[in-house]
Amino acid sequence: MRGRLVPLLVWLLPLSFLAAFYFFPLGSILKLSFAQGEGWLQPFLDVFGNAGLRGVLSFTIWQAVLSTLFTLAVGLPAAYLVARHRFPGKSLLRALSGVPFVLPTLVVAAAFDALLGPRGWLNLITIEVFGLNSPPIQFVNTFGAILVAHVFYNLTIVLRLVGDFWARLSPRIEQAARSLGANPWQVFSQVTLPMILPAVAAAALLVFIFDFTSFGVILVLGGPRFATLETEIYYQTVALFDLPTAAALALVQLLCTLALTVIYTRLSARLSRPQDLRSPRIATHPFANRRTKLAAAVFLVLLALFFAAPLGSLALRSVSRLGAERGRVAAEPGLTLDYYRALGADPRSNIFFASPSEAIQTSLLYAGATVALALAIGLPAAWALTRRRDAFLSRLLDPILMLPLGTSAVTLGLGFIVALNSPPLDLRASPALIPLAHTLVALPFVVRSLTPALRSIRPRLRQAAAVLGAAPTQVLRHIDLPLVGRALLVSAMFAFAISIGEFGATALIARPEYPTIPVLIYRLLSQPGALTYGQAMALGTILMVVTAGGMLAIEKLRVADVGEF
Amino acid sequence: MLELRRIHKSFDGKVALSDISFKVSTGEIVALLGPSGSGKSTLLSVVAGLEKADRGQVRWDGRNLTDLPPHRRKFGLMFQDFALFPHRNVFGNVAFGLQMASSNAAQVHQRVNDMLQLVGLSGLEHRDVSSLSGGEQQRVALARALAPQPRLLMLDEPLGSLDRALRTRLLEELGALLRKAGQTSLYVTHDQEEAYAIADRIVLLRAGRIEQVAAPEELYRWPATAFVARFLGMNNLLPARIVKTGRHTWLETALGKLPASKTRLQGEVVALLRPDAIKLGRSMPVKLNGKLLSKRFRGRNQQAIIMVDETQLVIELPSSTVLPKSGARLSLSFDPRQAIQVFSRE
């Protein structure tokens, strides 16, 4: 009896959390979208019957398809190089590529703005050099900006999922094919490609899901000319207060992403490779000749530049005074910390009712609450997932835990607005709303980083400790805790980074007088004036340093070294 | 002294161990030998206290340990997959058992250093265990098991994953080391050569039961059953019938009527013709004629496969013996008292 009751109780917490803050809000969206007309088809008729919304849907798919293809086109060669070759700076590239993944969309948007925007480095330099009157490079508010930012964002998914999988494939299999008379191209097409295909498919799917539901990038870098389902839901909710239409759009989006998420979880389950103890290092080999070496070097340098340039521009731009602003006449050469000092300015002089320093406090508070909440729910969930005895329960509940990953943040925010503003759960004015939403977004990542660590504590290790004289409490202290401790730290940092950078859901549900850092960056970026721009850059830099630092720490602390998402 | 009394263990109704009783004297090395699935590792788990036997007792020096948890048995176990702690370096792994017993830091340090020196890993204290080679990991596991000075050391296929040359060398070192320390040990292996080389006595298991307990020479010389003979690689097992005429006992086989030693067995039996006791030529009392089918070179010795009528026999010869071409006719002879052993049919 006791053996069955304990896992059930452990499941209860995460499940009731999801029921109250995921399924209930989504159900409310469903109810709202069906409440309008007569019959089940009404919400779909609303969306598909409207030429404008049809256009939004087709653009959403189109940009996601293109973004995914470009990401694969850059990512697959990179994955190959990382998996099969040794080169200096490989671990640096790996760490660098992981940074964008946790960077808030607003930071990425600000970074590209700092590099290629009308007030960005390249435009400023060309204006200066050629004496032009207007910025020559049109990047912000173009389709290209959306694609580039999406590639920047999701490259690491291809690099990790495909690269790690590829690195673990025994090179013996390819050597066997060579010995059977296959030429290099045949080896690739007949042996390697079929073997890595599940990983490529999983990566492509995940990239597609993220591109499909991308919000900040479209809003800030795409500008008003481009609308996807995600930004349209936001627009309908915030600007038009047309909740039924927003709900219908959310429903369409939800159906797409949930279907894709289910396929993704199936695929990634197939990727859980047999524990081949062969170190990935063995599979690497040097380049065949100078030409391939040179080509690889050029590619890798460009790749590193692609990651580093926008982030470097952002940081540099936050300490440079390059435009006229109130009370000053012209630009000043040299570095300045004025923008950082301005962050602490009196809120009453500020048109947003909240000073940046207050936004930082708000964000930290929310992030702390998210970390606590996400761990309190994620730890029991991960623990229950790793118990082999409940394999059936785990198989059933694993995909459910992953569902928030495939649900767009704006839809979650909309769900909160629709569902949690009346009894039984009236949280409209509650400050808890934002940490709750952030916890939902962070939960899949927390569970995904805790489970392999919990699994890595094989019963064998506990047995070995016991035979060596460790009493049960000593086993807990010297074996379980140190191993889980690291993973807990990793999960906590994931939750922290996600919370402090989350924009989609926050943009919908944050109260105007308590903006978080990303919300404030968005407001600052959409204002004219060099000071506000500089403050946006400074805030973006702070956020970048915090999240990137967190990500690098995660890289260092990961126990099982598996590139799971 | 370890004593096992009538141990039974089954998993989901499937018998894993049945009626296991034997003793290991202080300072003795006993090998548990048997094919995979014969229950060797399960038996170690029961002795270590990691698995609970359904029935039977594990006793040490007359004290019943059956209900004592593993961490209070003061036994050491070296796992087949080593089970090194991934979050501790080499030093941390070897020191673990000592730290659990709360020895003082200086003593721990001294003992760990001694152990690492013993297994030849001095200087690797601070290495990550995942960065070690298979052989090094194996030696860390051994040092870790030895460090707390267990009164019984159990080793589960400790050399299983290593290549042959390393295995031979480590086997010798391990044997010398255990003997020098007077370490009472239970050594699990499926490899008869390993068992011969290291053990004072061998317990041969088959499907959870003890088939034979004997010293290595005795086991090789007098396998107790046809299963043991086959497991030890003695191939010439012929179906036979015992015929007793007056004072003489005869075996009716496909090779004809062969003289046999006195036996209590009757009727249908299995006769072993030891491959190492059949000679080329006609110098021995019982003579056979056959045709050389093929030869297998095996390093120090070689095997000749010979067809005698319809029966295939394997004989073992020194490599220096020059054999004719395959297909050639040969004469063989043997002394029945040395060459023939009779087992009951199973």
# chains A, B, ... in the order shown; residues from 1 in each chain; ligands from 1

call {"tool": "select_by_dssp", "arguments": {"residues": "range 109-190 of chain B", "states": "strand (DSSP E)", "output": "CSV table (one decimal) with N, CA and C atoms, in the first residue's frame"}}
result
chain,number,residue,atom,x,y,z
B,152,LEU,N,36.0,-9.6,4.7
B,152,LEU,CA,35.9,-10.5,3.5
B,152,LEU,C,35.8,-9.6,2.3
B,153,LEU,N,36.6,-9.9,1.3
B,153,LEU,CA,36.6,-9.1,0.1
B,153,LEU,C,35.9,-9.9,-1.0
B,154,MET,N,34.9,-9.3,-1.7
B,154,MET,CA,34.2,-10.0,-2.8
B,154,MET,C,34.5,-9.3,-4.1
B,155,LEU,N,34.9,-10.0,-5.1
B,155,LEU,CA,35.2,-9.4,-6.3
B,155,LEU,C,34.3,-10.0,-7.4
B,156,ASP,N,33.6,-9.2,-8.1
B,156,ASP,CA,32.6,-9.7,-9.1
B,156,ASP,C,33.2,-9.5,-10.5
B,185,SER,N,38.7,-14.0,0.6
B,185,SER,CA,38.1,-13.5,-0.6
B,185,SER,C,37.2,-14.4,-1.2
B,186,LEU,N,36.2,-13.8,-1.9
B,186,LEU,CA,35.3,-14.6,-2.7
B,186,LEU,C,35.4,-14.0,-4.1
B,187,TYR,N,35.8,-14.8,-5.1
B,187,TYR,CA,36.1,-14.2,-6.4
B,187,TYR,C,35.2,-14.8,-7.4
B,188,VAL,N,34.4,-14.0,-8.0
B,188,VAL,CA,33.4,-14.4,-9.0
B,188,VAL,C,34.0,-14.3,-10.4
B,189,THR,N,33.9,-15.4,-11.2
B,189,THR,CA,34.4,-15.4,-12.6
B,189,THR,C,33.7,-16.4,-13.4

call {"tool": "interface_residues", "arguments": {"of": "chain B", "to": "chain A", "cutoff": "12 Å", "atoms": "only C-alpha atoms", "output": "PyMOL selection string"}}
result
chain B and resi 44-51+68-88+92-102+130-134+141-154

call {"tool": "residues_around", "arguments": {"residues": "range 311-314 of chain B", "least_positions_apart": "2", "cutoff": "8 Å", "atoms": "only C-alpha atoms", "output": "JSON list (two decimals) with C-alpha atoms, in the first residue's frame"}}
result
[["chain", "number", "residue", "atom", "x", "y", "z"],
["B", 235, "ASN", "CA", 34.62, -32.46, -25.23],
["B", 236, "ASN", "CA", 34.60, -36.21, -25.64],
["B", 254, "ALA", "CA", 29.84, -46.15, -30.22],
["B", 255, "LEU", "CA", 33.57, -46.85, -30.13],
["B", 275, "PRO", "CA", 41.30, -35.27, -24.43],
["B", 303, "GLN", "CA", 43.89, -30.11, -30.73],
["B", 304, "ALA", "CA", 43.37, -32.82, -33.29],
["B", 305, "ILE", "CA", 39.82, -33.70, -34.28],
["B", 306, "ILE", "CA", 39.66, -37.34, -35.23],
["B", 307, "MET", "CA", 36.84, -39.40, -36.69],
["B", 308, "VAL", "CA", 36.65, -42.89, -35.19],
["B", 309, "ASP", "CA", 33.92, -44.75, -37.03],
["B", 316, "GLU", "CA", 45.07, -32.60, -26.96]]

call {"tool": "atom_distance", "arguments": {"atom1": "CA of Ala64 in chain A", "atom2": "CA of Pro404 in chain A"}}
result
19.1 Å

call {"tool": "residues_around", "arguments": {"residues": "Val301 in chain A", "least_positions_apart": "3", "cutoff": "12 Å", "atoms": "only C-alpha atoms", "output": "ChimeraX atom specification"}}
result
/A:78,87-90,92-93,294-298,304-309

call {"tool": "write_last_selection", "arguments": {"atoms": "N, CA and C atoms", "output": "CSV table (one decimal), in the first residue's frame"}}
result
chain,number,residue,atom,x,y,z
A,78,ALA,N,28.2,23.0,-38.7
A,78,ALA,CA,28.8,23.2,-37.4
A,78,ALA,C,28.8,22.0,-36.5
A,87,PHE,N,39.6,21.1,-32.9
A,87,PHE,CA,40.2,22.4,-33.4
A,87,PHE,C,40.3,23.3,-32.1
A,88,PRO,N,41.2,24.2,-32.1
A,88,PRO,CA,41.4,25.1,-31.0
A,88,PRO,C,40.1,25.9,-30.8
A,89,GLY,N,39.8,26.2,-29.5
A,89,GLY,CA,38.6,27.0,-29.2
A,89,GLY,C,37.3,26.3,-29.3
A,90,LYS,N,37.3,24.9,-29.4
A,90,LYS,CA,36.1,24.2,-29.6
A,90,LYS,C,35.2,24.3,-28.4
A,92,LEU,N,35.2,26.7,-26.3
A,92,LEU,CA,34.8,28.1,-26.2
A,92,LEU,C,33.6,28.3,-27.2
A,93,LEU,N,33.7,27.8,-28.4
A,93,LEU,CA,32.6,27.9,-29.3
A,93,LEU,C,31.3,27.3,-28.8
A,294,LEU,N,41.3,25.1,-44.1
A,294,LEU,CA,41.1,26.5,-44.3
A,294,LEU,C,39.6,26.8,-44.4
A,295,ALA,N,38.9,26.0,-45.1
A,295,ALA,CA,37.4,26.2,-45.2
A,295,ALA,C,36.8,26.1,-43.9
A,296,ALA,N,37.2,25.1,-43.1
A,296,ALA,CA,36.6,24.9,-41.8
A,296,ALA,C,36.9,26.1,-40.9
A,297,ALA,N,38.2,26.6,-41.0
A,297,ALA,CA,38.6,27.7,-40.2
A,297,ALA,C,37.8,28.9,-40.5
A,298,VAL,N,37.6,29.2,-41.8
A,298,VAL,CA,36.8,30.4,-42.1
A,298,VAL,C,35.4,30.3,-41.6
A,304,ALA,N,31.8,32.2,-35.0
A,304,ALA,CA,32.1,32.8,-33.7
A,304,ALA,C,31.8,34.3,-33.7
A,305,LEU,N,32.1,34.9,-34.9
A,305,LEU,CA,31.8,36.3,-35.0
A,305,LEU,C,30.3,36.6,-35.0
A,306,PHE,N,29.6,35.7,-35.6
A,306,PHE,CA,28.1,35.8,-35.7
A,306,PHE,C,27.5,35.8,-34.2
A,307,PHE,N,28.2,34.9,-33.4
A,307,PHE,CA,27.7,34.9,-32.0
A,307,PHE,C,28.2,36.1,-31.2
A,308,ALA,N,29.5,36.5,-31.4
A,308,ALA,CA,30.1,37.5,-30.6
A,308,ALA,C,29.8,38.9,-30.9
A,309,ALA,N,29.6,39.2,-32.3
A,309,ALA,CA,29.5,40.6,-32.7
A,309,ALA,C,28.3,41.3,-32.1

call {"tool": "residues_around", "arguments": {"residues": "Arg119 in chain A", "least_positions_apart": "5", "cutoff": "10 Å", "atoms": "only C-alpha atoms", "output": "VMD selection string"}}
result
chain A and resid 113 to 114 124 to 125 135 317 322 to 323 530 533

call {"tool": "atom_distance", "arguments": {"atom1": "CA of Ser33 in chain A", "atom2": "CA of Asp46 in chain A"}}
result
9.4 Å

call {"tool": "residues_around", "arguments": {"residues": "range 160-176 of chain B", "least_positions_apart": "2", "cutoff": "8 Å", "atoms": "only C-alpha atoms", "output": "ChimeraX atom specification"}}
result
/B:80,134-135,157-158,178-180,189,194,197-198

call {"tool": "atom_distance", "arguments": {"atom1": "CA of Arg282 in chain B", "atom2": "CA of Leu332 in chain B"}}
result
6.1 Å

call {"tool": "residues_around", "arguments": {"residues": "His150 in chain A", "least_positions_apart": "4", "cutoff": "8 Å", "atoms": "only C-alpha atoms", "output": "PDB file with C-alpha atoms, in the first residue's frame"}}
result
ATOM      1  CA  SER A  67      14.141  30.178 -40.208  1.00  0.00           C
ATOM      2  CA  THR A  71      19.276  27.252 -38.898  1.00  0.00           C
ATOM      3  CA  ILE A 146      13.675  38.065 -38.138  1.00  0.00           C
ATOM      4  CA  ASN A 154      18.351  28.415 -32.237  1.00  0.00           C
ATOM      5  CA  ASP A 211      10.342  29.997 -34.367  1.00  0.00           C
ATOM      6  CA  VAL A 217      12.107  38.987 -32.097  1.00  0.00           C
TER       7      VAL A 217
END

call {"tool": "closest_residue", "arguments": {"among": "B:Val270, B:Gly299, B:Arg329, B:Ser283", "to": "Glu346 in chain B", "atoms": "only C-alpha atoms"}}
result
B:Val270

call {"tool": "closest_residue", "arguments": {"among": "B:Leu251, B:Val243, B:Val24, B:Val108", "to": "Ile202 in chain B", "atoms": "only C-alpha atoms"}}
result
B:Val24

call {"tool": "closest_residue", "arguments": {"among": "B:Ala105, B:Leu2, B:Leu17, B:Ala31", "to": "Asp61 in chain B", "atoms": "only C-alpha atoms"}}
result
B:Leu2

call {"tool": "select_by_dssp", "arguments": {"residues": "range 363-545 of chain A", "states": "alpha helix (DSSP H)", "output": "PDB file with C-alpha atoms, in the first residue's frame"}}
result
ATOM      1  CA  SER A 363      12.729  41.205 -11.823  1.00  0.00           C
ATOM      2  CA  LEU A 364      14.979  39.827  -9.101  1.00  0.00           C
ATOM      3  CA  LEU A 365      12.012  39.325  -6.817  1.00  0.00           C
ATOM      4  CA  TYR A 366      10.063  37.467  -9.496  1.00  0.00           C
ATOM      5  CA  ALA A 367      13.108  35.410 -10.448  1.00  0.00           C
ATOM      6  CA  GLY A 368      13.686  34.375  -6.842  1.00  0.00           C
ATOM      7  CA  ALA A 369      10.084  33.317  -6.469  1.00  0.00           C
ATOM      8  CA  THR A 370      10.248  31.433  -9.779  1.00  0.00           C
ATOM      9  CA  VAL A 371      13.361  29.535  -8.723  1.00  0.00           C
ATOM     10  CA  ALA A 372      11.754  28.455  -5.468  1.00  0.00           C
ATOM     11  CA  LEU A 373       8.493  27.483  -7.118  1.00  0.00           C
ATOM     12  CA  ALA A 374      10.039  25.714 -10.094  1.00  0.00           C
ATOM     13  CA  LEU A 375      12.293  23.619  -7.862  1.00  0.00           C
ATOM     14  CA  ALA A 376       9.519  22.817  -5.413  1.00  0.00           C
ATOM     15  CA  ILE A 377       7.444  21.448  -8.285  1.00  0.00           C
ATOM     16  CA  GLY A 378      10.167  20.199 -10.603  1.00  0.00           C
ATOM     17  CA  LEU A 379      12.062  18.130  -8.034  1.00  0.00           C
ATOM     18  CA  PRO A 380       9.185  15.838  -7.068  1.00  0.00           C
ATOM     19  CA  ALA A 381       8.206  15.564 -10.723  1.00  0.00           C
ATOM     20  CA  ALA A 382      11.727  14.570 -11.773  1.00  0.00           C
ATOM     21  CA  TRP A 383      12.036  12.191  -8.855  1.00  0.00           C
ATOM     22  CA  ALA A 384       8.796  10.481  -9.774  1.00  0.00           C
ATOM     23  CA  LEU A 385       9.882  10.316 -13.424  1.00  0.00           C
ATOM     24  CA  THR A 386      13.064   8.422 -12.585  1.00  0.00           C
ATOM     25  CA  ALA A 391       7.307   3.153 -15.784  1.00  0.00           C
ATOM     26  CA  PHE A 392       3.757   3.264 -17.069  1.00  0.00           C
ATOM     27  CA  LEU A 393       2.910   6.370 -15.061  1.00  0.00           C
ATOM     28  CA  SER A 394       6.149   8.007 -16.191  1.00  0.00           C
ATOM     29  CA  ARG A 395       5.535   7.328 -19.859  1.00  0.00           C
ATOM     30  CA  LEU A 396       2.127   8.895 -19.494  1.00  0.00           C
ATOM     31  CA  LEU A 397       3.204  11.936 -17.537  1.00  0.00           C
ATOM     32  CA  ASP A 398       6.525  12.779 -19.135  1.00  0.00           C
ATOM     33  CA  PRO A 399       4.923  14.347 -22.238  1.00  0.00           C
ATOM     34  CA  ILE A 400       2.409  16.186 -20.064  1.00  0.00           C
ATOM     35  CA  LEU A 401       5.250  17.832 -18.166  1.00  0.00           C
ATOM     36  CA  MET A 402       6.792  18.889 -21.467  1.00  0.00           C
ATOM     37  CA  ALA A 409       4.318  32.351 -23.656  1.00  0.00           C
ATOM     38  CA  VAL A 410       1.759  34.817 -24.950  1.00  0.00           C
ATOM     39  CA  THR A 411      -0.894  32.118 -25.001  1.00  0.00           C
ATOM     40  CA  LEU A 412      -0.015  31.279 -21.407  1.00  0.00           C
ATOM     41  CA  GLY A 413      -0.324  34.954 -20.528  1.00  0.00           C
ATOM     42  CA  LEU A 414      -3.645  35.192 -22.300  1.00  0.00           C
ATOM     43  CA  GLY A 415      -4.827  32.102 -20.458  1.00  0.00           C
ATOM     44  CA  PHE A 416      -3.937  33.728 -17.163  1.00  0.00           C
ATOM     45  CA  ILE A 417      -5.829  36.870 -18.094  1.00  0.00           C
ATOM     46  CA  VAL A 418      -8.890  34.920 -19.174  1.00  0.00           C
ATOM     47  CA  ALA A 419      -8.937  32.310 -16.427  1.00  0.00           C
ATOM     48  CA  LEU A 433       0.799  35.854 -11.367  1.00  0.00           C
ATOM     49  CA  ILE A 434       4.157  36.493 -13.019  1.00  0.00           C
ATOM     50  CA  PRO A 435       6.240  33.941 -11.049  1.00  0.00           C
ATOM     51  CA  LEU A 436       3.497  31.407 -11.729  1.00  0.00           C
ATOM     52  CA  ALA A 437       3.715  32.037 -15.473  1.00  0.00           C
ATOM     53  CA  HIS A 438       7.519  31.976 -15.381  1.00  0.00           C
ATOM     54  CA  THR A 439       7.450  28.692 -13.465  1.00  0.00           C
ATOM     55  CA  LEU A 440       5.349  27.152 -16.209  1.00  0.00           C
ATOM     56  CA  VAL A 441       7.851  28.250 -18.840  1.00  0.00           C
ATOM     57  CA  ALA A 442      10.804  27.068 -16.758  1.00  0.00           C
ATOM     58  CA  LEU A 443       9.336  23.768 -15.596  1.00  0.00           C
ATOM     59  CA  PRO A 444      10.253  21.687 -18.683  1.00  0.00           C
ATOM     60  CA  PHE A 445      13.862  22.869 -18.436  1.00  0.00           C
ATOM     61  CA  VAL A 446      14.042  22.210 -14.723  1.00  0.00           C
ATOM     62  CA  VAL A 447      12.639  18.715 -15.105  1.00  0.00           C
ATOM     63  CA  ARG A 448      14.874  18.011 -18.100  1.00  0.00           C
ATOM     64  CA  SER A 449      18.035  18.926 -16.221  1.00  0.00           C
ATOM     65  CA  LEU A 450      17.079  17.156 -13.013  1.00  0.00           C
ATOM     66  CA  THR A 451      16.022  13.829 -14.481  1.00  0.00           C
ATOM     67  CA  PRO A 452      19.368  12.763 -15.995  1.00  0.00           C
ATOM     68  CA  ALA A 453      21.117  13.691 -12.758  1.00  0.00           C
ATOM     69  CA  LEU A 454      18.676  11.691 -10.694  1.00  0.00           C
ATOM     70  CA  ARG A 455      19.024   8.816 -13.149  1.00  0.00           C
ATOM     71  CA  SER A 456      22.811   8.994 -12.926  1.00  0.00           C
ATOM     72  CA  PRO A 459      21.362   2.018  -7.361  1.00  0.00           C
ATOM     73  CA  ARG A 460      24.837   0.525  -7.789  1.00  0.00           C
ATOM     74  CA  LEU A 461      26.451   3.635  -6.354  1.00  0.00           C
ATOM     75  CA  ARG A 462      24.271   3.489  -3.254  1.00  0.00           C
ATOM     76  CA  GLN A 463      25.097  -0.207  -2.904  1.00  0.00           C
ATOM     77  CA  ALA A 464      28.795   0.475  -3.293  1.00  0.00           C
ATOM     78  CA  ALA A 465      28.590   3.119  -0.591  1.00  0.00           C
ATOM     79  CA  ALA A 466      26.653   0.793   1.709  1.00  0.00           C
ATOM     80  CA  VAL A 467      29.188  -1.995   1.304  1.00  0.00           C
ATOM     81  CA  PRO A 472      21.614   5.157   4.903  1.00  0.00           C
ATOM     82  CA  THR A 473      21.886   8.751   6.138  1.00  0.00           C
ATOM     83  CA  GLN A 474      25.520   8.845   5.064  1.00  0.00           C
ATOM     84  CA  VAL A 475      24.539   7.537   1.640  1.00  0.00           C
ATOM     85  CA  LEU A 481      22.977  15.113  -2.284  1.00  0.00           C
ATOM     86  CA  PRO A 482      26.278  15.930  -3.999  1.00  0.00           C
ATOM     87  CA  LEU A 483      25.054  14.426  -7.256  1.00  0.00           C
ATOM     88  CA  VAL A 484      21.630  16.052  -7.167  1.00  0.00           C
ATOM     89  CA  GLY A 485      23.028  19.225  -5.667  1.00  0.00           C
ATOM     90  CA  ARG A 486      24.762  20.208  -8.860  1.00  0.00           C
ATOM     91  CA  ALA A 487      21.713  19.469 -10.934  1.00  0.00           C
ATOM     92  CA  LEU A 488      19.615  21.488  -8.525  1.00  0.00           C
ATOM     93  CA  LEU A 489      21.978  24.394  -9.011  1.00  0.00           C
ATOM     94  CA  VAL A 490      21.758  24.014 -12.784  1.00  0.00           C
ATOM     95  CA  SER A 491      17.965  23.918 -12.665  1.00  0.00           C
ATOM     96  CA  ALA A 492      17.849  26.897 -10.375  1.00  0.00           C
ATOM     97  CA  MET A 493      19.970  28.872 -12.792  1.00  0.00           C
ATOM     98  CA  PHE A 494      17.802  27.839 -15.711  1.00  0.00           C
ATOM     99  CA  ALA A 495      14.715  28.967 -13.843  1.00  0.00           C
ATOM    100  CA  PHE A 496      16.427  32.193 -12.858  1.00  0.00           C
ATOM    101  CA  ALA A 497      17.617  32.967 -16.388  1.00  0.00           C
ATOM    102  CA  ILE A 498      14.237  32.168 -17.880  1.00  0.00           C
ATOM    103  CA  SER A 499      12.364  34.228 -15.354  1.00  0.00           C
ATOM    104  CA  ILE A 500      14.575  37.267 -15.546  1.00  0.00           C
ATOM    105  CA  GLY A 501      14.433  37.318 -19.346  1.00  0.00           C
ATOM    106  CA  GLY A 504       5.964  37.157 -23.929  1.00  0.00           C
ATOM    107  CA  ALA A 505       3.809  36.251 -20.966  1.00  0.00           C
ATOM    108  CA  THR A 506       5.126  39.106 -18.872  1.00  0.00           C
ATOM    109  CA  ALA A 507       4.274  41.673 -21.537  1.00  0.00           C
ATOM    110  CA  LEU A 508       0.638  40.605 -21.267  1.00  0.00           C
ATOM    111  CA  ILE A 509       0.215  40.265 -17.532  1.00  0.00           C
ATOM    112  CA  ILE A 517      13.643  44.443 -17.002  1.00  0.00           C
ATOM    113  CA  PRO A 518      12.658  43.062 -20.462  1.00  0.00           C
ATOM    114  CA  VAL A 519       9.392  44.984 -20.453  1.00  0.00           C
ATOM    115  CA  LEU A 520      11.251  48.167 -19.593  1.00  0.00           C
ATOM    116  CA  ILE A 521      13.855  47.537 -22.309  1.00  0.00           C
ATOM    117  CA  TYR A 522      11.007  47.192 -24.797  1.00  0.00           C
ATOM    118  CA  ARG A 523       9.506  50.494 -23.671  1.00  0.00           C
ATOM    119  CA  LEU A 524      12.882  52.238 -23.751  1.00  0.00           C
ATOM    120  CA  LEU A 525      13.722  50.899 -27.206  1.00  0.00           C
ATOM    121  CA  ALA A 530      19.845  58.873 -26.982  1.00  0.00           C
ATOM    122  CA  LEU A 531      19.483  58.609 -23.213  1.00  0.00           C
ATOM    123  CA  THR A 532      16.617  56.144 -23.332  1.00  0.00           C
ATOM    124  CA  TYR A 533      18.463  54.191 -26.008  1.00  0.00           C
ATOM    125  CA  GLY A 534      21.573  54.158 -23.877  1.00  0.00           C
ATOM    126  CA  GLN A 535      19.599  53.001 -20.863  1.00  0.00           C
ATOM    127  CA  ALA A 536      18.094  50.208 -22.937  1.00  0.00           C
ATOM    128  CA  MET A 537      21.599  49.178 -23.944  1.00  0.00           C
ATOM    129  CA  ALA A 538      22.782  49.305 -20.335  1.00  0.00           C
ATOM    130  CA  LEU A 539      19.850  47.257 -19.066  1.00  0.00           C
ATOM    131  CA  GLY A 540      20.313  44.809 -21.936  1.00  0.00           C
ATOM    132  CA  THR A 541      23.986  44.458 -21.073  1.00  0.00           C
ATOM    133  CA  ILE A 542      23.234  43.780 -17.437  1.00  0.00           C
ATOM    134  CA  LEU A 543      20.697  41.151 -18.413  1.00  0.00           C
ATOM    135  CA  MET A 544      23.117  39.651 -20.891  1.00  0.00           C
ATOM    136  CA  VAL A 545      25.912  39.397 -18.333  1.00  0.00           C
TER     137      VAL A 545
END

call {"tool": "decode", "arguments": {"residues": "range 145-170 of chain B", "atoms": "C-alpha atoms", "output": "PDB file, in the first residue's frame"}}
result
ATOM      1  CA  ALA B 145      37.352  -1.991  -1.715  1.00  0.00           C
ATOM      2  CA  LEU B 146      40.612  -2.817   0.105  1.00  0.00           C
ATOM      3  CA  ALA B 147      41.098   0.493   1.928  1.00  0.00           C
ATOM      4  CA  PRO B 148      38.722  -0.089   4.873  1.00  0.00           C
ATOM      5  CA  GLN B 149      40.346  -3.520   5.447  1.00  0.00           C
ATOM      6  CA  PRO B 150      37.221  -5.597   4.951  1.00  0.00           C
ATOM      7  CA  ARG B 151      37.173  -8.950   6.738  1.00  0.00           C
ATOM      8  CA  LEU B 152      35.853 -10.475   3.507  1.00  0.00           C
ATOM      9  CA  LEU B 153      36.571  -9.108   0.064  1.00  0.00           C
ATOM     10  CA  MET B 154      34.219 -10.016  -2.767  1.00  0.00           C
ATOM     11  CA  LEU B 155      35.237  -9.435  -6.349  1.00  0.00           C
ATOM     12  CA  ASP B 156      32.621  -9.651  -9.105  1.00  0.00           C
ATOM     13  CA  GLU B 157      34.331 -10.447 -12.423  1.00  0.00           C
ATOM     14  CA  PRO B 158      36.986  -7.862 -11.569  1.00  0.00           C
ATOM     15  CA  LEU B 159      39.010  -8.450 -14.724  1.00  0.00           C
ATOM     16  CA  GLY B 160      36.069  -8.993 -17.028  1.00  0.00           C
ATOM     17  CA  SER B 161      36.384  -5.902 -19.175  1.00  0.00           C
ATOM     18  CA  LEU B 162      40.135  -5.933 -19.689  1.00  0.00           C
ATOM     19  CA  ASP B 163      42.218  -7.214 -22.544  1.00  0.00           C
ATOM     20  CA  ARG B 164      44.043 -10.479 -22.227  1.00  0.00           C
ATOM     21  CA  ALA B 165      47.585  -9.278 -21.593  1.00  0.00           C
ATOM     22  CA  LEU B 166      46.500  -6.811 -18.915  1.00  0.00           C
ATOM     23  CA  ARG B 167      44.230  -9.463 -17.460  1.00  0.00           C
ATOM     24  CA  THR B 168      46.993 -12.009 -17.094  1.00  0.00           C
ATOM     25  CA  ARG B 169      49.282  -9.502 -15.439  1.00  0.00           C
ATOM     26  CA  LEU B 170      46.661  -8.074 -13.102  1.00  0.00           C
TER      27      LEU B 170
END
